[in-house]
>>> print(open('start22.pdb').read())   # PDB, C-alpha atoms, pLDDT in the B column
ATOM      1  CA  MET A   1     141.929  56.530   0.424  1.00 88.00           C
ATOM      2  CA  VAL A   2     140.909  52.967  -0.416  1.00 97.00           C
ATOM      3  CA  PRO A   3     141.282  50.843   2.744  1.00 97.00           C
ATOM      4  CA  THR A   4     142.932  47.455   2.296  1.00 98.00           C
ATOM      5  CA  LEU A   5     141.935  44.354   4.260  1.00 98.00           C
ATOM      6  CA  TRP A   6     144.087  41.281   4.718  1.00 98.00           C
ATOM      7  CA  ILE A   7     141.872  38.195   4.437  1.00 97.00           C
ATOM      8  CA  ILE A   8     142.805  34.696   5.592  1.00 91.00           C
ATOM      9  CA  GLY A   9     142.493  32.170   2.753  1.00 88.00           C
ATOM     10  CA  ASP A  10     142.590  32.583  -1.006  1.00 88.00           C
ATOM     11  CA  SER A  11     140.665  34.893  -3.312  1.00 91.00           C
ATOM     12  CA  GLN A  12     138.587  32.155  -4.978  1.00 93.00           C
ATOM     13  CA  LYS A  13     137.319  30.590  -1.761  1.00 92.00           C
ATOM     14  CA  CYS A  14     136.706  34.050  -0.295  1.00 96.00           C
ATOM     15  CA  ALA A  15     134.941  35.488  -3.351  1.00 96.00           C
ATOM     16  CA  ASN A  16     131.878  36.586  -1.335  1.00 96.00           C
ATOM     17  CA  TYR A  17     134.083  38.495   1.094  1.00 97.00           C
ATOM     18  CA  VAL A  18     136.053  40.131  -1.714  1.00 97.00           C
ATOM     19  CA  LYS A  19     132.854  41.243  -3.421  1.00 96.00           C
ATOM     20  CA  ALA A  20     131.426  42.668  -0.185  1.00 96.00           C
ATOM     21  CA  VAL A  21     134.639  44.545   0.656  1.00 97.00           C
ATOM     22  CA  GLU A  22     134.913  46.005  -2.832  1.00 97.00           C
ATOM     23  CA  HIS A  23     131.234  46.976  -2.875  1.00 95.00           C
ATOM     24  CA  ALA A  24     131.799  48.894   0.366  1.00 96.00           C
ATOM     25  CA  GLY A  25     134.758  50.757  -1.142  1.00 97.00           C
ATOM     26  CA  GLY A  26     137.707  48.698   0.045  1.00 98.00           C
ATOM     27  CA  ARG A  27     140.229  46.294  -1.429  1.00 98.00           C
ATOM     28  CA  ALA A  28     140.949  42.723  -0.356  1.00 97.00           C
ATOM     29  CA  CYS A  29     144.552  41.526  -0.070  1.00 97.00           C
ATOM     30  CA  PHE A  30     145.893  37.973  -0.012  1.00 96.00           C
ATOM     31  CA  ASP A  31     149.563  38.516  -0.852  1.00 91.00           C
ATOM     32  CA  GLY A  32     152.402  40.574   0.545  1.00 92.00           C
ATOM     33  CA  ALA A  33     152.936  41.746   4.113  1.00 95.00           C
ATOM     34  CA  PRO A  34     149.729  41.527   6.199  1.00 96.00           C
ATOM     35  CA  GLU A  35     150.693  44.467   8.418  1.00 95.00           C
ATOM     36  CA  ALA A  36     150.903  46.714   5.364  1.00 96.00           C
ATOM     37  CA  CYS A  37     147.106  46.486   5.129  1.00 98.00           C
ATOM     38  CA  ASN A  38     144.777  48.850   6.972  1.00 98.00           C
ATOM     39  CA  GLY A  39     142.805  46.059   8.625  1.00 98.00           C
ATOM     40  CA  LEU A  40     142.373  42.310   9.108  1.00 98.00           C
ATOM     41  CA  LEU A  41     139.317  40.241   8.179  1.00 98.00           C
ATOM     42  CA  LEU A  42     138.974  36.753   9.687  1.00 98.00           C
ATOM     43  CA  PRO A  43     136.295  34.852   7.712  1.00 97.00           C
ATOM     44  CA  GLY A  44     134.140  31.854   8.533  1.00 96.00           C
ATOM     45  CA  GLY A  45     135.362  28.272   8.521  1.00 95.00           C
ATOM     46  CA  GLY A  46     135.682  25.123  10.638  1.00 96.00           C
ATOM     47  CA  ASP A  47     136.084  24.859  14.400  1.00 98.00           C
ATOM     48  CA  MET A  48     139.089  25.800  16.514  1.00 98.00           C
ATOM     49  CA  GLU A  49     140.937  23.155  18.490  1.00 98.00           C
ATOM     50  CA  PRO A  50     139.194  23.075  21.895  1.00 98.00           C
ATOM     51  CA  TRP A  51     142.447  22.754  23.856  1.00 98.00           C
ATOM     52  CA  ARG A  52     143.161  26.346  22.868  1.00 98.00           C
ATOM     53  CA  TYR A  53     140.372  27.464  25.206  1.00 98.00           C
ATOM     54  CA  GLY A  54     140.912  24.845  27.904  1.00 98.00           C
ATOM     55  CA  GLN A  55     138.454  22.133  26.844  1.00 98.00           C
ATOM     56  CA  VAL A  56     138.564  18.576  25.550  1.00 98.00           C
ATOM     57  CA  ASN A  57     136.923  17.906  22.197  1.00 98.00           C
ATOM     58  CA  THR A  58     133.281  16.952  22.676  1.00 97.00           C
ATOM     59  CA  ALA A  59     131.698  18.215  19.443  1.00 97.00           C
ATOM     60  CA  SER A  60     134.265  20.200  17.418  1.00 98.00           C
ATOM     61  CA  ARG A  61     134.902  19.218  13.809  1.00 96.00           C
ATOM     62  CA  ASN A  62     136.726  20.294  10.645  1.00 96.00           C
ATOM     63  CA  LEU A  63     139.734  21.250  12.771  1.00 98.00           C
ATOM     64  CA  ASP A  64     142.622  23.121  11.142  1.00 96.00           C
ATOM     65  CA  PRO A  65     145.558  23.575  13.556  1.00 98.00           C
ATOM     66  CA  VAL A  66     147.607  25.471  10.957  1.00 97.00           C
ATOM     67  CA  ARG A  67     144.849  28.030  10.462  1.00 97.00           C
ATOM     68  CA  ASP A  68     144.342  28.326  14.212  1.00 98.00           C
ATOM     69  CA  ALA A  69     147.991  29.205  14.715  1.00 98.00           C
ATOM     70  CA  LEU A  70     148.029  31.618  11.767  1.00 97.00           C
ATOM     71  CA  GLU A  71     144.941  33.508  12.936  1.00 98.00           C
ATOM     72  CA  LEU A  72     146.196  33.835  16.495  1.00 98.00           C
ATOM     73  CA  ASP A  73     149.555  35.093  15.207  1.00 98.00           C
ATOM     74  CA  LEU A  74     147.870  37.666  12.967  1.00 98.00           C
ATOM     75  CA  LEU A  75     145.678  38.804  15.845  1.00 98.00           C
ATOM     76  CA  GLU A  76     148.802  39.309  17.938  1.00 98.00           C
ATOM     77  CA  ARG A  77     150.407  41.387  15.207  1.00 98.00           C
ATOM     78  CA  PHE A  78     147.377  43.521  14.283  1.00 98.00           C
ATOM     79  CA  THR A  79     146.300  44.240  17.853  1.00 98.00           C
ATOM     80  CA  ALA A  80     149.871  45.216  18.774  1.00 98.00           C
ATOM     81  CA  LEU A  81     149.660  47.827  16.001  1.00 98.00           C
ATOM     82  CA  HIS A  82     146.131  48.851  17.075  1.00 98.00           C
ATOM     83  CA  LYS A  83     144.880  48.096  13.562  1.00 98.00           C
ATOM     84  CA  PRO A  84     141.191  47.208  13.032  1.00 98.00           C
ATOM     85  CA  VAL A  85     140.089  43.571  13.011  1.00 98.00           C
ATOM     86  CA  LEU A  86     136.737  42.151  11.899  1.00 98.00           C
ATOM     87  CA  GLY A  87     135.909  38.535  12.722  1.00 98.00           C
ATOM     88  CA  ILE A  88     133.023  36.792  10.965  1.00 98.00           C
ATOM     89  CA  CYS A  89     131.512  33.567  12.370  1.00 98.00           C
ATOM     90  CA  ARG A  90     134.610  31.410  13.058  1.00 98.00           C
ATOM     91  CA  GLY A  91     136.608  34.648  12.943  1.00 98.00           C
ATOM     92  CA  MET A  92     134.601  36.016  15.867  1.00 98.00           C
ATOM     93  CA  GLN A  93     135.268  32.815  17.789  1.00 98.00           C
ATOM     94  CA  SER A  94     139.008  33.076  17.050  1.00 98.00           C
ATOM     95  CA  ILE A  95     139.023  36.619  18.429  1.00 98.00           C
ATOM     96  CA  ASN A  96     137.269  35.436  21.577  1.00 98.00           C
ATOM     97  CA  VAL A  97     139.793  32.655  22.145  1.00 98.00           C
ATOM     98  CA  PHE A  98     142.687  35.056  21.474  1.00 98.00           C
ATOM     99  CA  PHE A  99     141.484  37.292  24.307  1.00 98.00           C
ATOM    100  CA  GLY A 100     141.078  34.354  26.687  1.00 98.00           C
ATOM    101  CA  GLY A 101     137.399  33.557  26.189  1.00 98.00           C
ATOM    102  CA  THR A 102     135.698  30.192  25.735  1.00 98.00           C
ATOM    103  CA  LEU A 103     133.279  28.644  23.249  1.00 98.00           C
ATOM    104  CA  VAL A 104     130.202  26.445  23.381  1.00 98.00           C
ATOM    105  CA  GLN A 105     131.157  23.481  21.210  1.00 98.00           C
ATOM    106  CA  ASP A 106     127.667  22.671  19.965  1.00 97.00           C
ATOM    107  CA  ILE A 107     124.393  24.608  20.084  1.00 97.00           C
ATOM    108  CA  PRO A 108     120.976  23.798  18.579  1.00 94.00           C
ATOM    109  CA  GLY A 109     119.052  25.909  16.134  1.00 92.00           C
ATOM    110  CA  HIS A 110     121.809  27.975  14.494  1.00 94.00           C
ATOM    111  CA  ALA A 111     123.355  25.697  11.856  1.00 93.00           C
ATOM    112  CA  GLN A 112     122.399  25.719   8.179  1.00 93.00           C
ATOM    113  CA  VAL A 113     119.493  23.557   7.043  1.00 93.00           C
ATOM    114  CA  ASN A 114     120.232  21.572   3.880  1.00 91.00           C
ATOM    115  CA  GLY A 115     123.028  24.002   3.051  1.00 90.00           C
ATOM    116  CA  VAL A 116     120.877  27.117   3.490  1.00 92.00           C
ATOM    117  CA  ASP A 117     121.426  29.773   6.173  1.00 94.00           C
ATOM    118  CA  ARG A 118     118.808  30.104   8.889  1.00 92.00           C
ATOM    119  CA  THR A 119     117.529  33.548   9.818  1.00 93.00           C
ATOM    120  CA  HIS A 120     116.523  34.717  13.276  1.00 94.00           C
ATOM    121  CA  PRO A 121     115.759  37.992  15.064  1.00 96.00           C
ATOM    122  CA  VAL A 122     118.391  39.872  17.061  1.00 97.00           C
ATOM    123  CA  ARG A 123     118.464  42.708  19.555  1.00 96.00           C
ATOM    124  CA  ALA A 124     121.333  45.149  19.936  1.00 97.00           C
ATOM    125  CA  ALA A 125     122.674  47.529  22.561  1.00 96.00           C
ATOM    126  CA  PRO A 126     122.989  51.182  21.503  1.00 96.00           C
ATOM    127  CA  GLY A 127     126.035  51.629  19.296  1.00 95.00           C
ATOM    128  CA  ILE A 128     127.448  50.479  15.996  1.00 94.00           C
ATOM    129  CA  PHE A 129     125.461  47.240  15.763  1.00 96.00           C
ATOM    130  CA  ALA A 130     122.165  48.941  16.587  1.00 95.00           C
ATOM    131  CA  SER A 131     122.908  51.454  13.820  1.00 94.00           C
ATOM    132  CA  LEU A 132     122.972  48.626  11.260  1.00 92.00           C
ATOM    133  CA  ASP A 133     119.186  48.387  11.643  1.00 89.00           C
ATOM    134  CA  ALA A 134     119.305  44.590  11.509  1.00 87.00           C
ATOM    135  CA  ALA A 135     116.059  43.148  12.862  1.00 91.00           C
ATOM    136  CA  SER A 136     117.250  39.677  11.873  1.00 94.00           C
ATOM    137  CA  VAL A 137     120.484  38.060  10.721  1.00 95.00           C
ATOM    138  CA  ASN A 138     121.553  34.880   8.952  1.00 95.00           C
ATOM    139  CA  SER A 139     122.968  31.935  10.835  1.00 93.00           C
ATOM    140  CA  ALA A 140     125.284  29.104   9.758  1.00 95.00           C
ATOM    141  CA  HIS A 141     127.184  27.931  12.844  1.00 96.00           C
ATOM    142  CA  HIS A 142     127.017  25.231  15.485  1.00 97.00           C
ATOM    143  CA  GLN A 143     129.464  26.867  17.925  1.00 98.00           C
ATOM    144  CA  ALA A 144     129.308  30.226  19.660  1.00 98.00           C
ATOM    145  CA  VAL A 145     130.930  32.478  22.237  1.00 98.00           C
ATOM    146  CA  ASP A 146     130.430  31.250  25.805  1.00 98.00           C
ATOM    147  CA  ARG A 147     132.513  33.406  28.157  1.00 98.00           C
ATOM    148  CA  PRO A 148     133.666  36.593  26.388  1.00 98.00           C
ATOM    149  CA  GLY A 149     137.403  37.235  26.398  1.00 98.00           C
ATOM    150  CA  ASP A 150     139.095  40.079  28.235  1.00 98.00           C
ATOM    151  CA  GLY A 151     137.906  43.467  27.000  1.00 98.00           C
ATOM    152  CA  LEU A 152     135.225  42.060  24.690  1.00 98.00           C
ATOM    153  CA  ARG A 153     131.770  43.589  25.244  1.00 98.00           C
ATOM    154  CA  PRO A 154     128.726  41.787  23.788  1.00 98.00           C
ATOM    155  CA  GLU A 155     126.495  44.199  21.860  1.00 98.00           C
ATOM    156  CA  GLN A 156     124.046  42.004  19.933  1.00 98.00           C
ATOM    157  CA  TRP A 157     122.138  38.842  20.916  1.00 98.00           C
ATOM    158  CA  ALA A 158     119.773  36.242  19.469  1.00 97.00           C
ATOM    159  CA  ASP A 159     116.527  35.529  21.312  1.00 96.00           C
ATOM    160  CA  ASP A 160     118.076  32.437  22.913  1.00 96.00           C
ATOM    161  CA  GLY A 161     120.888  34.527  24.391  1.00 97.00           C
ATOM    162  CA  ILE A 162     123.622  33.582  21.908  1.00 97.00           C
ATOM    163  CA  ILE A 163     126.053  36.493  21.467  1.00 98.00           C
ATOM    164  CA  GLU A 164     125.761  37.644  17.854  1.00 98.00           C
ATOM    165  CA  ALA A 165     128.246  40.534  17.963  1.00 98.00           C
ATOM    166  CA  PHE A 166     130.850  42.053  20.259  1.00 98.00           C
ATOM    167  CA  ARG A 167     133.345  44.862  20.278  1.00 98.00           C
ATOM    168  CA  HIS A 168     136.579  45.368  22.198  1.00 98.00           C
ATOM    169  CA  THR A 169     136.419  48.165  24.734  1.00 98.00           C
ATOM    170  CA  ARG A 170     139.900  49.544  23.959  1.00 98.00           C
ATOM    171  CA  LEU A 171     140.954  48.182  20.576  1.00 98.00           C
ATOM    172  CA  PRO A 172     139.320  48.511  17.120  1.00 98.00           C
ATOM    173  CA  VAL A 173     138.257  44.860  17.137  1.00 98.00           C
ATOM    174  CA  TRP A 174     134.756  43.733  16.122  1.00 98.00           C
ATOM    175  CA  GLY A 175     133.177  40.313  15.783  1.00 98.00           C
ATOM    176  CA  VAL A 176     129.871  39.100  14.350  1.00 98.00           C
ATOM    177  CA  GLN A 177     128.525  35.546  14.516  1.00 98.00           C
ATOM    178  CA  TRP A 178     126.452  36.033  11.355  1.00 97.00           C
ATOM    179  CA  HIS A 179     127.586  36.372   7.733  1.00 97.00           C
ATOM    180  CA  PRO A 180     127.327  39.970   6.456  1.00 97.00           C
ATOM    181  CA  GLU A 181     128.917  38.987   3.136  1.00 96.00           C
ATOM    182  CA  ARG A 182     125.773  37.057   2.210  1.00 93.00           C
ATOM    183  CA  LEU A 183     123.067  38.718   4.302  1.00 90.00           C
ATOM    184  CA  PRO A 184     120.158  39.994   2.174  1.00 77.00           C
ATOM    185  CA  GLY A 185     119.328  43.674   2.601  1.00 80.00           C
ATOM    186  CA  HIS A 186     121.449  46.540   3.849  1.00 87.00           C
ATOM    187  CA  ALA A 187     122.735  45.465   7.282  1.00 92.00           C
ATOM    188  CA  GLY A 188     125.684  43.517   5.862  1.00 94.00           C
ATOM    189  CA  GLN A 189     126.668  46.361   3.534  1.00 94.00           C
ATOM    190  CA  ARG A 190     126.450  48.841   6.397  1.00 96.00           C
ATOM    191  CA  LEU A 191     128.699  46.688   8.561  1.00 97.00           C
ATOM    192  CA  PHE A 192     131.420  46.509   5.924  1.00 97.00           C
ATOM    193  CA  ALA A 193     131.107  50.241   5.217  1.00 96.00           C
ATOM    194  CA  ALA A 194     131.405  51.062   8.942  1.00 97.00           C
ATOM    195  CA  PHE A 195     134.415  48.782   9.361  1.00 98.00           C
ATOM    196  CA  LEU A 196     136.188  50.279   6.350  1.00 98.00           C
ATOM    197  CA  GLU A 197     135.552  53.740   7.803  1.00 97.00           C
ATOM    198  CA  LEU A 198     137.239  52.528  10.991  1.00 97.00           C
ATOM    199  CA  CYS A 199     140.193  51.428   8.853  1.00 97.00           C
ATOM    200  CA  ARG A 200     140.470  54.934   7.374  1.00 95.00           C
ATOM    201  CA  GLU A 201     140.851  56.578  10.773  1.00 89.00           C
TER     202      GLU A 201
END
>>> encode(input="start22.pdb", output="structure tokens")
Amino acid sequence: MVPTLWIIGDSQKCANYVKAVEHAGGRACFDGAPEACNGLLLPGGGDMEPWRYGQVNTASRNLDPVRDALELDLLERFTALHKPVLGICRGMQSINVFFGGTLVQDIPGHAQVNGVDRTHPVRAAPGIFASLDAASVNSAHHQAVDRPGDGLRPEQWADDGIIEAFRHTRLPVWGVQWHPERLPGHAGQRLFAAFLELCRE
């Protein structure tokens, strides 16, 4: 079985994600009925509207209300079906807001520098993220999870305490703050392979 993942966006802008999914043995979908796919992938992007998590806008930018609404609707549909969801960077933040969590609107030391990802060490709790054997990850964000949403358990952290990955305690929902689709080495490939295996179950 070749697992299929519905990805928000279009195939050209999401070329890195498509390549990573295919390399791990899956297939990316952009057309048709989302629920017909085995899983949902929410990629990186701009910031969510802060009112959605009970805050006024103090530092959020590149807002896209249409995308916000679409992602939250897809999360409602996929979680109702208990289908796997993987959120990457902004996607992780969308998952957190969907489950009632909040975000830090601006943090130092995690954004790209002159268009290049930063890298920093991480530590992980025993489980799927520890099994990735990722001593460090890439970083390209200025927002992050503050209070985790209902059922979301942090499982990986940066040295400054920023949550780098979480997993839902009852649903097949994962989120990572880093970018596995462009992380050098094997950790990114292992994440996609593990998520596609979840989609096969």
>>> closest_residue(input="start22.pdb", among="A:Pro180, A:Asp68, A:Pro154, A:Gly185", to="A:Lys19", atoms="all atoms listed in the file")
A:Pro180
>>> residues_around(input="start22.pdb", residues="stretch 77-88 of chain A", least_positions_apart="6", cutoff="9 Å", atoms="all atoms listed in the file", output="mmCIF file with C-alpha atoms, keeping the file's coordinate frame")
data_model
loop_
_atom_site.group_PDB
_atom_site.id
_atom_site.type_symbol
_atom_site.label_atom_id
_atom_site.label_comp_id
_atom_site.auth_asym_id
_atom_site.auth_seq_id
_atom_site.Cartn_x
_atom_site.Cartn_y
_atom_site.Cartn_z
ATOM 1 C CA LEU A 5 141.935 44.354 4.260
ATOM 2 C CA PRO A 34 149.729 41.527 6.199
ATOM 3 C CA GLU A 35 150.693 44.467 8.418
ATOM 4 C CA CYS A 37 147.106 46.486 5.129
ATOM 5 C CA ASN A 38 144.777 48.850 6.972
ATOM 6 C CA GLY A 39 142.805 46.059 8.625
ATOM 7 C CA LEU A 40 142.373 42.310 9.108
ATOM 8 C CA LEU A 41 139.317 40.241 8.179
ATOM 9 C CA LEU A 42 138.974 36.753 9.687
ATOM 10 C CA PRO A 43 136.295 34.852 7.712
ATOM 11 C CA GLY A 44 134.140 31.854 8.533
ATOM 12 C CA SER A 94 139.008 33.076 17.050
ATOM 13 C CA ILE A 95 139.023 36.619 18.429
ATOM 14 C CA LEU A 171 140.954 48.182 20.576
ATOM 15 C CA PRO A 172 139.320 48.511 17.120
ATOM 16 C CA VAL A 173 138.257 44.860 17.137
ATOM 17 C CA TRP A 174 134.756 43.733 16.122
ATOM 18 C CA GLY A 175 133.177 40.313 15.783
ATOM 19 C CA VAL A 176 129.871 39.100 14.350
ATOM 20 C CA GLN A 177 128.525 35.546 14.516
ATOM 21 C CA TRP A 178 126.452 36.033 11.355
ATOM 22 C CA HIS A 179 127.586 36.372 7.733
ATOM 23 C CA PRO A 180 127.327 39.970 6.456
ATOM 24 C CA PHE A 195 134.415 48.782 9.361
ATOM 25 C CA LEU A 196 136.188 50.279 6.350
ATOM 26 C CA LEU A 198 137.239 52.528 10.991
ATOM 27 C CA CYS A 199 140.193 51.428 8.853
#
>>> residues_around(input="start22.pdb", residues="A:Ile128", least_positions_apart="3", cutoff="10 Å", atoms="only C-alpha atoms", output="list in words")
Ala124, Ala125, Ser131, Leu132, Asp133, Glu155, Gln156, Arg167, Trp174, Arg190, Leu191, Ala194 and Phe195 of chain A
>>> closest_residue(input="start22.pdb", among="A:Asn16, A:Leu103, A:Ile8, A:Val97", to="A:Val66", atoms="only C-alpha atoms")
A:Ile8
>>> closest_residue(input="start22.pdb", among="A:Gly91, A:Gly26, A:Trp157, A:Val113", to="A:Ala130", atoms="all atoms listed in the file")
A:Trp157
>>> closest_residue(input="start22.pdb", among="A:Gln93, A:Gly25, A:Ala33, A:Val137", to="A:Leu74", atoms="only C-alpha atoms")
A:Ala33
>>> residues_around(input="start22.pdb", residues="A:Gly100", least_positions_apart="3", cutoff="10 Å", atoms="all atoms listed in the file", output="list in words")
Arg52, Tyr53, Gly54, Ser94, Ile95, Asn96, Val97, Arg147, Pro148, Gly149, Asp150, Gly151 and Leu152 of chain A
>>> closest_residue(input="start22.pdb", among="A:Gly127, A:Gly115, A:Gly109, A:Gly32", to="A:Ala158", atoms="only C-alpha atoms")
A:Gly109
>>> atom_distance(input="start22.pdb", atom1="atom CA of A:Pro121", atom2="atom CA of A:Ala135")
5.6 Å
>>> atom_distance(input="start22.pdb", atom1="atom CA of A:Asp117", atom2="atom CA of A:Cys89")
12.4 Å
>>> resolve_selection(input="start22.pdb", expression="the PyMOL selection byres ((chain A and resi 116) around 12)", output="ChimeraX atom specification")
/A:110-115,117-119,138-141,182-183
>>> closest_residue(input="start22.pdb", among="A:Val104, A:Pro3, A:Asp31, A:Asp159", to="A:Pro50", atoms="all atoms listed in the file")
A:Val104
>>> resolve_selection(input="start22.pdb", expression="the PyMOL selection byres ((chain A and resi 46) around 10)", output="JSON list (two decimals) with C-alpha atoms, in the frame of the given file")
[["chain", "number", "residue", "atom", "x", "y", "z"],
["A", 44, "GLY", "CA", 134.14, 31.85, 8.53],
["A", 45, "GLY", "CA", 135.36, 28.27, 8.52],
["A", 47, "ASP", "CA", 136.08, 24.86, 14.40],
["A", 48, "MET", "CA", 139.09, 25.80, 16.51],
["A", 49, "GLU", "CA", 140.94, 23.16, 18.49],
["A", 60, "SER", "CA", 134.26, 20.20, 17.42],
["A", 61, "ARG", "CA", 134.90, 19.22, 13.81],
["A", 62, "ASN", "CA", 136.73, 20.29, 10.64],
["A", 63, "LEU", "CA", 139.73, 21.25, 12.77],
["A", 64, "ASP", "CA", 142.62, 23.12, 11.14],
["A", 67, "ARG", "CA", 144.85, 28.03, 10.46],
["A", 68, "ASP", "CA", 144.34, 28.33, 14.21],
["A", 89, "CYS", "CA", 131.51, 33.57, 12.37],
["A", 90, "ARG", "CA", 134.61, 31.41, 13.06],
["A", 91, "GLY", "CA", 136.61, 34.65, 12.94],
["A", 141, "HIS", "CA", 127.18, 27.93, 12.84],
["A", 142, "HIS", "CA", 127.02, 25.23, 15.48],
["A", 143, "GLN", "CA", 129.46, 26.87, 17.92]]
>>> atom_distance(input="start22.pdb", atom1="atom CA of A:Ile7", atom2="atom CA of A:Asp73")
13.6 Å
